[in-house]
file upload-v3.txt (compact mmCIF, C-alpha atoms)
# COMPACT_ATOMS: atom_id res chain seq x y z
CA MET A 1 80.76 14.99 25.30
CA LYS A 2 79.50 15.85 21.82
CA ASN A 3 78.91 19.28 20.66
CA LYS A 4 75.28 20.35 20.58
CA ASP A 5 75.43 21.05 16.84
CA GLU A 6 76.90 17.62 16.12
CA PHE A 7 74.19 16.01 18.22
CA LEU A 8 71.47 17.85 16.34
CA LYS A 9 73.07 16.86 13.04
CA ASP A 10 73.12 13.20 14.07
CA MET A 11 69.45 13.37 15.08
CA GLU A 12 68.49 14.93 11.75
CA ASN A 13 70.29 12.21 9.80
CA LEU A 14 68.86 9.42 11.92
CA LYS A 15 67.25 6.72 9.75
CA VAL A 16 63.71 5.75 10.69
CA PRO A 17 63.14 1.95 10.46
CA ASP A 18 60.61 0.81 7.82
CA VAL A 19 57.73 -1.20 9.22
CA ASP A 20 56.12 -3.66 6.82
CA VAL A 21 52.50 -3.67 7.99
CA SER A 22 51.46 -6.37 5.55
CA SER A 23 53.71 -8.92 7.20
CA HIS A 24 52.30 -8.27 10.66
CA GLN A 25 50.95 -11.63 11.84
CA LYS A 26 48.64 -10.47 14.62
CA ALA A 27 45.36 -9.05 13.44
CA VAL A 28 41.84 -8.68 14.76
CA LYS A 29 39.82 -11.37 13.04
CA MET A 30 36.12 -10.82 13.30
CA ALA A 31 33.81 -13.59 12.18
CA ILE A 32 30.61 -12.76 10.34
CA MET A 33 28.30 -13.85 13.16
CA ASN A 34 28.52 -13.91 16.94
CA ALA A 35 29.51 -17.37 18.22
CA GLU A 36 27.25 -17.47 21.29
CA ARG A 37 24.14 -16.31 19.47
CA SER A 38 24.80 -18.72 16.63
CA ALA A 39 25.15 -21.58 19.11
CA VAL A 40 21.78 -20.72 20.71
CA LEU A 41 20.09 -20.54 17.32
CA GLY A 42 21.77 -23.78 16.29
CA VAL A 43 20.36 -25.58 19.36
CA TRP A 44 16.82 -24.54 18.46
CA LEU A 45 17.31 -25.48 14.81
CA ILE A 46 18.30 -29.07 15.57
CA ILE A 47 15.88 -29.69 18.42
CA ILE A 48 13.08 -31.01 16.17
CA PRO A 49 15.18 -33.51 14.17
CA CYS A 50 16.89 -34.61 17.41
CA TYR A 51 13.48 -35.20 19.00
CA PHE A 52 12.39 -37.26 15.98
CA LEU A 53 15.60 -39.32 16.02
CA PHE A 54 15.20 -39.84 19.78
CA CYS A 55 11.74 -41.30 19.19
CA VAL A 56 13.13 -43.53 16.40
CA CYS A 57 15.93 -44.81 18.67
CA MET A 58 13.59 -45.48 21.57
CA TYR A 59 11.08 -47.34 19.37
CA TYR A 60 13.37 -49.39 17.11
CA TYR A 61 16.64 -49.84 19.00
CA PHE A 62 15.54 -49.92 22.62
CA HIS A 63 12.19 -51.54 21.76
CA VAL A 64 10.13 -49.16 23.86
CA ARG A 65 6.94 -49.92 21.96
CA THR A 66 4.73 -47.22 23.35
CA ASN A 67 2.12 -45.24 21.51
CA PHE A 68 3.98 -42.06 22.45
CA PHE A 69 6.89 -42.79 20.09
CA GLU A 70 4.83 -44.47 17.38
CA ALA A 71 2.63 -41.39 17.17
CA THR A 72 5.67 -39.32 16.12
CA PHE A 73 6.14 -41.39 12.96
CA THR A 74 2.40 -41.16 12.27
CA LEU A 75 2.58 -37.40 12.62
CA VAL A 76 5.49 -37.04 10.18
CA SER A 77 3.96 -39.47 7.67
CA ASP A 78 0.67 -37.51 7.86
CA LEU A 79 2.64 -34.41 6.82
CA ASP A 80 3.77 -36.25 3.67
CA LYS A 81 0.23 -37.25 2.71
CA SER A 82 -1.07 -33.74 2.18
CA SER A 83 0.24 -31.81 -0.84
CA LYS A 84 0.20 -28.56 1.16
CA THR A 85 2.42 -29.89 3.94
CA LYS A 86 4.57 -32.28 1.91
CA PHE A 87 7.55 -29.93 1.97
CA LEU A 88 7.50 -29.60 5.77
CA SER A 89 9.10 -32.89 6.78
CA PRO A 90 12.27 -32.54 4.62
CA LEU A 91 12.49 -28.88 5.65
CA LEU A 92 12.26 -29.68 9.35
CA LEU A 93 14.43 -32.81 9.35
CA VAL A 94 17.12 -31.88 6.81
CA GLY A 95 16.77 -28.17 6.04
CA LEU A 96 17.03 -26.91 9.60
CA PRO A 97 20.25 -28.85 10.40
CA ILE A 98 21.79 -27.50 7.19
CA VAL A 99 20.93 -23.96 8.29
CA SER A 100 22.48 -24.75 11.68
CA ILE A 101 25.70 -25.87 9.97
CA VAL A 102 25.87 -22.66 7.93
CA VAL A 103 25.09 -20.39 10.89
CA ASN A 104 27.66 -21.99 13.19
CA ALA A 105 30.30 -22.23 10.46
CA LEU A 106 29.95 -18.51 9.75
CA ALA A 107 30.41 -17.82 13.45
CA ILE A 108 33.77 -19.54 13.76
CA THR A 109 35.42 -18.97 10.38
CA HIS A 110 37.26 -15.94 9.11
CA VAL A 111 38.46 -15.59 5.54
CA THR A 112 41.00 -13.11 4.24
CA PHE A 113 42.28 -12.52 0.74
CA GLN A 114 45.21 -10.17 0.35
CA ARG A 115 48.29 -9.43 -1.66
CA VAL A 116 51.56 -9.68 0.21
CA GLY A 117 55.16 -9.12 -0.62
CA PRO A 118 57.18 -6.27 -2.07
CA ASN A 119 55.69 -4.13 -4.78
CA THR A 120 57.60 -5.87 -7.56
CA LYS A 121 56.44 -9.39 -6.61
CA MET A 122 52.97 -9.38 -5.12
CA ILE A 123 51.69 -12.80 -4.10
CA LYS A 124 47.98 -13.42 -3.64
CA GLU A 125 47.28 -14.97 -0.25
CA PHE A 126 44.05 -16.64 0.81
CA SER A 127 43.79 -17.63 4.46
CA LEU A 128 41.01 -19.42 6.31
CA THR A 129 40.95 -19.16 10.11
CA VAL A 130 38.78 -21.42 12.24
CA LYS A 131 38.19 -20.43 15.86
CA VAL A 132 38.00 -23.29 18.32
CA LYS A 133 34.62 -22.65 19.90
CA LEU A 134 33.45 -25.90 21.49
CA TRP A 135 29.68 -25.46 21.29
CA ASN A 136 29.71 -24.26 17.69
CA ILE A 137 31.91 -27.13 16.56
CA LEU A 138 29.75 -29.60 18.51
CA LEU A 139 26.60 -28.27 16.86
CA ILE A 140 28.18 -28.51 13.41
CA ILE A 141 29.14 -32.14 14.05
CA ILE A 142 25.67 -33.04 15.40
CA SER A 143 23.97 -31.29 12.47
CA LEU A 144 26.21 -33.12 9.99
CA LEU A 145 25.33 -36.44 11.64
CA ILE A 146 21.61 -35.66 11.45
CA VAL A 147 21.81 -34.69 7.78
CA SER A 148 23.87 -37.77 6.93
CA VAL A 149 21.42 -40.09 8.74
CA PHE A 150 18.42 -38.73 6.85
CA MET A 151 20.25 -38.64 3.51
CA ALA A 152 21.40 -42.25 4.00
CA TYR A 153 17.83 -43.27 4.86
CA ALA A 154 16.50 -41.53 1.73
CA ILE A 155 19.13 -43.21 -0.47
CA VAL A 156 18.55 -46.67 1.00
CA GLU A 157 14.77 -46.34 0.75
CA ASN A 158 14.96 -45.28 -2.90
CA ILE A 159 17.23 -48.22 -3.73
CA THR A 160 14.83 -50.59 -1.95
CA ILE A 161 11.81 -49.27 -3.83
CA LYS A 162 13.54 -49.53 -7.21
CA ASN A 163 14.57 -53.12 -6.50
CA MET B 1 16.77 0.05 12.25
CA LYS B 2 17.44 -1.43 15.70
CA LEU B 3 14.70 -3.69 16.99
CA ASN B 4 15.48 -4.23 20.67
CA TRP B 5 12.57 -6.49 21.45
CA PHE B 6 14.32 -9.38 23.22
CA VAL B 7 17.32 -10.12 25.42
CA ARG B 8 19.00 -13.49 25.60
CA LYS B 9 19.07 -15.46 28.87
CA GLY B 10 21.00 -18.66 28.18
CA VAL B 11 19.17 -20.47 25.36
CA PHE B 12 15.91 -18.55 25.85
CA TYR B 13 14.94 -15.08 24.71
CA TRP B 14 13.08 -12.87 27.17
CA PRO B 15 11.00 -9.96 25.88
CA VAL B 16 12.06 -6.47 26.96
CA SER B 17 9.60 -4.41 24.94
CA ILE B 18 5.85 -4.31 24.43
CA ILE B 19 6.12 -5.87 20.98
CA GLY B 20 8.29 -8.65 22.39
CA TRP B 21 5.72 -9.38 25.09
CA LEU B 22 2.95 -9.38 22.47
CA ILE B 23 4.89 -11.93 20.41
CA LEU B 24 5.42 -14.14 23.46
CA ILE B 25 1.76 -13.92 24.49
CA ALA B 26 0.67 -14.67 20.91
CA GLY B 27 2.91 -17.73 20.85
CA LEU B 28 1.59 -18.99 24.20
CA ALA B 29 -2.01 -18.32 23.13
CA TYR B 30 -1.45 -20.29 19.92
CA ALA B 31 0.09 -23.14 21.93
CA VAL B 32 -2.99 -23.27 24.16
CA TYR B 33 -5.29 -23.15 21.12
CA MET B 34 -3.30 -26.00 19.53
CA PHE B 35 -3.60 -28.08 22.70
CA VAL B 36 -7.37 -27.64 22.86
CA ASP B 37 -7.75 -28.33 19.11
CA ILE B 38 -5.55 -31.45 19.17
CA ASP B 39 -7.21 -32.74 22.36
CA SER B 40 -10.65 -32.47 20.78
CA ARG B 41 -9.55 -34.70 17.88
CA SER B 42 -7.27 -37.24 19.60
CA HIS B 43 -8.18 -40.59 21.13
CA SER B 44 -5.81 -40.66 24.07
CA ALA B 45 -3.68 -38.44 26.28
CA SER B 46 -0.43 -39.64 24.69
CA ASP B 47 -1.83 -38.82 21.24
CA THR B 48 -2.56 -35.29 22.43
CA LEU B 49 0.84 -34.87 24.02
CA ILE B 50 2.92 -36.14 21.12
CA ASN B 51 1.12 -34.00 18.56
CA TRP B 52 1.19 -30.97 20.84
CA VAL B 53 4.88 -31.30 21.75
CA PHE B 54 5.90 -31.46 18.10
CA ASN B 55 3.87 -28.35 17.24
CA LEU B 56 5.14 -26.62 20.39
CA LEU B 57 8.73 -27.17 19.25
CA ILE B 58 7.90 -25.55 15.91
CA VAL B 59 6.33 -22.56 17.68
CA GLY B 60 9.41 -22.32 19.92
CA LEU B 61 11.67 -22.38 16.87
CA ILE B 62 9.74 -19.58 15.11
CA TYR B 63 9.77 -17.52 18.34
CA THR B 64 13.54 -18.03 18.70
CA VAL B 65 14.23 -17.05 15.08
CA ILE B 66 12.19 -13.82 15.48
CA ALA B 67 13.97 -13.08 18.77
CA TYR B 68 17.37 -13.82 17.21
CA PHE B 69 16.93 -11.10 14.61
CA THR B 70 15.37 -8.58 17.01
CA GLU B 71 17.67 -9.13 19.97
CA ARG B 72 19.04 -6.22 21.90
CA LYS B 73 22.76 -6.26 21.34
CA PRO B 74 24.96 -6.20 24.46
CA LYS B 75 27.17 -3.18 25.02
CA GLU B 76 30.41 -5.17 25.06
CA VAL B 77 30.63 -7.46 22.06
CA SER B 78 33.04 -10.31 22.67
CA ASN B 79 33.75 -12.97 20.12

call {"tool": "encode", "arguments": {"input": "upload-v3.txt", "output": "structure tokens"}}
result
Amino acid sequence: MKNKDEFLKDMENLKVPDVDVSSHQKAVKMAIMNAERSAVLGVWLIIIPCYFLFCVCMYYYFHVRTNFFEATFTLVSDLDKSSKTKFLSPLLLVGLPIVSIVVNALAITHVTFQRVGPNTKMIKEFSLTVKVKLWNILLIIISLLIVSVFMAYAIVENITIKN
Amino acid sequence: MKLNWFVRKGVFYWPVSIIGWLILIAGLAYAVYMFVDIDSRSHSASDTLINWVFNLLIVGLIYTVIAYFTERKPKEVSN
């Protein structure tokens, strides 16, 4: 059994381990926006273009030639006729899905920029984390599809007119 | 400044303050006014419905955006 003095001496000379906090992998990663709220807002943002595309599909692809669906196209084309409301149709059909993409992307991504390594050799590290939230990812995909459909239509129509 | 006017129930926002109720009532009143106005100018029931539904969706979107920014935050925030 060690002497009390020797024990105290050993305790005083005990080396404390160095903890490198910068290399700690686990961290609380908070996204900019709440995922659930962003998903709810995203649903409401794409509901109008989805409704318009539903009417287009029913009228042209399933040949349901009712006045109900044809009236939708008349309504949107009437918006384009007036100079005061000309901006509304691209805003509603393309602008809102783009906002939905941004809102949902901000809810599931987390970006960090830090310097890691020992003091003599600091390396700049940029990391992008994407949380797998089903509804947010689904809304981003649907919004991208909507935007691509309308952009493709605009491109094709402009080519047709020029020809 | 915290504006706790609405609380979220699924995909809908329910008012929990007087101002929230006023906004909801104003939206519903405008929807009714739109229906009457569109019906007076349309030639058929489907004409009325299609024009009204489209405008109703826009009103719903504006209501949701206002409610989104003035929502009462829950006590436990989970992400």

call {"tool": "closest_residue", "arguments": {"input": "upload-v3.txt", "among": "B:Val11, B:Ala26, B:Val36, B:Val16", "to": "chain A", "atoms": "all atoms listed in the file"}}
result
B:Val11

call {"tool": "closest_residue", "arguments": {"input": "upload-v3.txt", "among": "B:Thr64, B:Lys73, B:His43, B:Arg8", "to": "Leu24 in chain B", "atoms": "only C-alpha atoms"}}
result
B:Thr64

call {"tool": "interface_residues", "arguments": {"input": "upload-v3.txt", "of": "chain A", "to": "chain B", "cutoff": "12 Å", "atoms": "all atoms listed in the file", "output": "VMD selection string"}}
result
chain A and resid 28 to 52 55 66 to 76 78 to 79 88 to 89 91 to 93 96 99 to 100 103 107 to 110 131 to 133

call {"tool": "closest_residue", "arguments": {"input": "upload-v3.txt", "among": "B:Ala29, B:Trp21, B:Asp39, B:Leu56", "to": "Val7 in chain B", "atoms": "all atoms listed in the file"}}
result
B:Trp21

call {"tool": "atom_distance", "arguments": {"input": "upload-v3.txt", "atom1": "CA of Gly20 in chain B", "atom2": "CA of Val94 in chain A"}}
result
29.3 Å

call {"tool": "atom_distance", "arguments": {"input": "upload-v3.txt", "atom1": "CA of Arg72 in chain B", "atom2": "CA of Phe6 in chain B"}}
result
5.8 Å

call {"tool": "atom_distance", "arguments": {"input": "upload-v3.txt", "atom1": "CA of Leu144 in chain A", "atom2": "CA of Glu157 in chain A"}}
result
19.8 Å

call {"tool": "closest_residue", "arguments": {"input": "upload-v3.txt", "among": "A:Ile123, A:Leu14, A:Ile101, A:Ile159", "to": "Ile140 in chain A", "atoms": "all atoms listed in the file"}}
result
A:Ile101

call {"tool": "axis_aligned_box", "arguments": {"input": "upload-v3.txt", "around": "range 50-58 of chain B", "padding_each_side": "6 Å", "output": "lines of an AutoDock Vina configuration file"}}
result
center_x = 4.9
center_y = -30.8
center_z = 18.8
size_x = 19.6
size_y = 22.6
size_z = 17.8

call {"tool": "closest_residue", "arguments": {"input": "upload-v3.txt", "among": "B:Val59, B:Trp14, B:Trp5, B:Ser40", "to": "Leu28 in chain B", "atoms": "only C-alpha atoms"}}
result
B:Val59

call {"tool": "build_atoms", "arguments": {"input": "upload-v3.txt", "residues": "range 10-38 of chain B", "atoms": "N, CA and C atoms", "output": "JSON list (two decimals), in the frame of the given file"}}
result
[["chain", "number", "residue", "atom", "x", "y", "z"],
["B", 10, "GLY", "N", 20.63, -17.27, 28.44],
["B", 10, "GLY", "CA", 21.00, -18.66, 28.18],
["B", 10, "GLY", "C", 20.56, -19.05, 26.78],
["B", 11, "VAL", "N", 19.67, -20.05, 26.68],
["B", 11, "VAL", "CA", 19.17, -20.47, 25.36],
["B", 11, "VAL", "C", 17.77, -19.91, 25.10],
["B", 12, "PHE", "N", 17.24, -19.12, 26.02],
["B", 12, "PHE", "CA", 15.91, -18.55, 25.85],
["B", 12, "PHE", "C", 16.00, -17.03, 25.67],
["B", 13, "TYR", "N", 15.01, -16.52, 24.94],
["B", 13, "TYR", "CA", 14.94, -15.08, 24.71],
["B", 13, "TYR", "C", 13.79, -14.52, 25.52],
["B", 14, "TRP", "N", 14.09, -13.49, 26.31],
["B", 14, "TRP", "CA", 13.08, -12.87, 27.17],
["B", 14, "TRP", "C", 12.69, -11.52, 26.58],
["B", 15, "PRO", "N", 11.39, -11.25, 26.48],
["B", 15, "PRO", "CA", 11.00, -9.96, 25.88],
["B", 15, "PRO", "C", 11.32, -8.78, 26.79],
["B", 16, "VAL", "N", 11.75, -7.69, 26.20],
["B", 16, "VAL", "CA", 12.06, -6.47, 26.96],
["B", 16, "VAL", "C", 11.30, -5.26, 26.42],
["B", 17, "SER", "N", 10.40, -5.51, 25.48],
["B", 17, "SER", "CA", 9.60, -4.41, 24.94],
["B", 17, "SER", "C", 8.16, -4.90, 24.80],
["B", 18, "ILE", "N", 7.28, -3.96, 24.54],
["B", 18, "ILE", "CA", 5.85, -4.31, 24.43],
["B", 18, "ILE", "C", 5.62, -5.26, 23.28],
["B", 19, "ILE", "N", 6.30, -5.00, 22.15],
["B", 19, "ILE", "CA", 6.12, -5.87, 20.98],
["B", 19, "ILE", "C", 6.65, -7.28, 21.28],
["B", 20, "GLY", "N", 7.75, -7.35, 22.01],
["B", 20, "GLY", "CA", 8.29, -8.65, 22.39],
["B", 20, "GLY", "C", 7.31, -9.43, 23.26],
["B", 21, "TRP", "N", 6.71, -8.74, 24.23],
["B", 21, "TRP", "CA", 5.72, -9.38, 25.09],
["B", 21, "TRP", "C", 4.50, -9.81, 24.29],
["B", 22, "LEU", "N", 4.10, -9.01, 23.32],
["B", 22, "LEU", "CA", 2.95, -9.38, 22.47],
["B", 22, "LEU", "C", 3.26, -10.65, 21.68],
["B", 23, "ILE", "N", 4.49, -10.74, 21.18],
["B", 23, "ILE", "CA", 4.89, -11.93, 20.41],
["B", 23, "ILE", "C", 4.87, -13.17, 21.31],
["B", 24, "LEU", "N", 5.40, -13.01, 22.54],
["B", 24, "LEU", "CA", 5.42, -14.14, 23.46],
["B", 24, "LEU", "C", 4.01, -14.58, 23.83],
["B", 25, "ILE", "N", 3.15, -13.61, 24.12],
["B", 25, "ILE", "CA", 1.76, -13.92, 24.49],
["B", 25, "ILE", "C", 1.03, -14.57, 23.32],
["B", 26, "ALA", "N", 1.30, -14.07, 22.10],
["B", 26, "ALA", "CA", 0.67, -14.67, 20.91],
["B", 26, "ALA", "C", 1.12, -16.12, 20.74],
["B", 27, "GLY", "N", 2.40, -16.37, 20.96],
["B", 27, "GLY", "CA", 2.91, -17.73, 20.85],
["B", 27, "GLY", "C", 2.29, -18.66, 21.89],
["B", 28, "LEU", "N", 2.19, -18.18, 23.13],
["B", 28, "LEU", "CA", 1.59, -18.99, 24.20],
["B", 28, "LEU", "C", 0.10, -19.22, 23.93],
["B", 29, "ALA", "N", -0.58, -18.18, 23.44],
["B", 29, "ALA", "CA", -2.01, -18.32, 23.13],
["B", 29, "ALA", "C", -2.21, -19.34, 22.01],
["B", 30, "TYR", "N", -1.35, -19.31, 21.01],
["B", 30, "TYR", "CA", -1.45, -20.29, 19.92],
["B", 30, "TYR", "C", -1.15, -21.69, 20.42],
["B", 31, "ALA", "N", -0.22, -21.82, 21.36],
["B", 31, "ALA", "CA", 0.09, -23.14, 21.93],
["B", 31, "ALA", "C", -1.12, -23.69, 22.68],
["B", 32, "VAL", "N", -1.78, -22.84, 23.43],
["B", 32, "VAL", "CA", -2.99, -23.27, 24.16],
["B", 32, "VAL", "C", -4.10, -23.66, 23.18],
["B", 33, "TYR", "N", -4.27, -22.84, 22.15],
["B", 33, "TYR", "CA", -5.29, -23.15, 21.12],
["B", 33, "TYR", "C", -5.00, -24.49, 20.45],
["B", 34, "MET", "N", -3.72, -24.72, 20.15],
["B", 34, "MET", "CA", -3.30, -26.00, 19.53],
["B", 34, "MET", "C", -3.63, -27.16, 20.45],
["B", 35, "PHE", "N", -3.35, -27.00, 21.74],
["B", 35, "PHE", "CA", -3.60, -28.08, 22.70],
["B", 35, "PHE", "C", -5.09, -28.44, 22.72],
["B", 36, "VAL", "N", -5.92, -27.42, 22.81],
["B", 36, "VAL", "CA", -7.37, -27.64, 22.86],
["B", 36, "VAL", "C", -7.85, -28.28, 21.55],
["B", 37, "ASP", "N", -7.34, -27.81, 20.42],
["B", 37, "ASP", "CA", -7.75, -28.33, 19.11],
["B", 37, "ASP", "C", -7.32, -29.78, 18.94],
["B", 38, "ILE", "N", -6.06, -30.08, 19.31],
["B", 38, "ILE", "CA", -5.55, -31.45, 19.17],
["B", 38, "ILE", "C", -6.28, -32.38, 20.13]]
